[in-house]
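Everything on this sheet refers to the single structure shown next.
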Amino acid sequence: MLFILSTAMAAAGIILSTRLRNRYKSDYLNALLYFQVFIFAFGFYGIWGQVIIKAVLSDQATVLLLERFSTMSMLLGLPFLVFGWLMLTRFSREVSGRKKSNRFASWFLVLNFVVLFAMGYLMFSEGENKPVTIVKYYFIILSMVYNCLSAIYILFPGHGNVSLHKYEGRILSSGLVLLTAGQCLTLALYDGTPVAGMVFVLLFFAGNCLIPVYFTYGTVLSLFMLDPERNISYDSFCKAFEITQREAEIIHEICNGLSNKEIAEKLFITLQTVKDHTHRIYIKTNVKSRVQLMNLVKDSRDRIAGGGPGVI
């Protein structure tokens, strides 16, 4: 049942990431999709693979041979984890307005594969260090480092075109840190008992679904910041509902998650003026709340992107 649930969560993460990439055509969503593919490849190869090896070979191979085979399998699965972390940091850098950096990617891969070679030497050398223990602490340390680094990138945006509003960044970065802490704490306390292992597997697969699930259901992705070349769809939306230029600016800021007070401060108008414009917007678009307005804008944009019928 846990394997089926893991498969379902992995499939959901990849499918949602694919839909986001196809809908918004943004480079950082490519990185998100690759992160999902690599991290779940490690989940099945590096985690569930160990379960399958022990289940199939435990009665047919010696303890030493089984241990060697399991060690080799774990070592070969770790590159998926490295590329997954690289895609996560690349995603967080780009979504926070930082430029792509080939130099960063090169140094990242060099340093991580040096660490992997060192781990391989330790895992196959004769000594008291068990391969499982080495891999466990390798995962705990580097997972905390790269996930927290990604959370910092998102929490403190760069100077480029940021695709998340500040409150969205806070929620996403906090979720990354909390889920990573839960995974690492569970793994640190793992003593070989099935229950602890099952909890870790559940947290691993559920935690790595966080970003695509949140982007799909928890945020509007600051819709009109994703791709400036597609702002024509917003102009069409305004024409369809006879939205004025000032009302268009207010709708834009509402979709970016700003409150009435924040909109007034940003546009240098009074709070009452914002309320009056918002009321007229509601009447023109036949909605009763901010959520309905954002959904209407999102639905209209999606219809254009998909070429389907709609109000625009």
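Numbering starts fresh at 1 for the residues of each chain in the structure tokens, the chains themselves are lettered A, B, ... in the order given, and ligands are numbered from 1 as they appear.
Residues in contact range of Phe83 (chain A), defined as at most 10 Å between only C-alpha atoms, with sequence neighbours fewer than 6 positions away removed, read Tyr34, Phe35, Val37, Phe38, Ile39, Phe42, Thr89, Ala105, Phe108, Leu109 and Asn112 of chain A.
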**Request:** Using only C-alpha atoms, determine which residues lie at most 6 Å from region 31-33 of chain A, disregarding the query and same-chain residues fewer than 6 positions distant; provide the list as a VMD selection string.
**Result:** chain A and resid 17 87 91
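Considering the residues A:Asp191, A:Asp276, A:Glu168, A:Asp235 and counting only C-alpha atoms, Leu258 (chain A) has its shortest atom-to-atom contact with A:Glu168.
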**Members of region 1-49 of chain A assigned alpha helix (DSSP H) by DSSP, as a PyMOL selection string** = chain A and resi 2-24+27-42+49
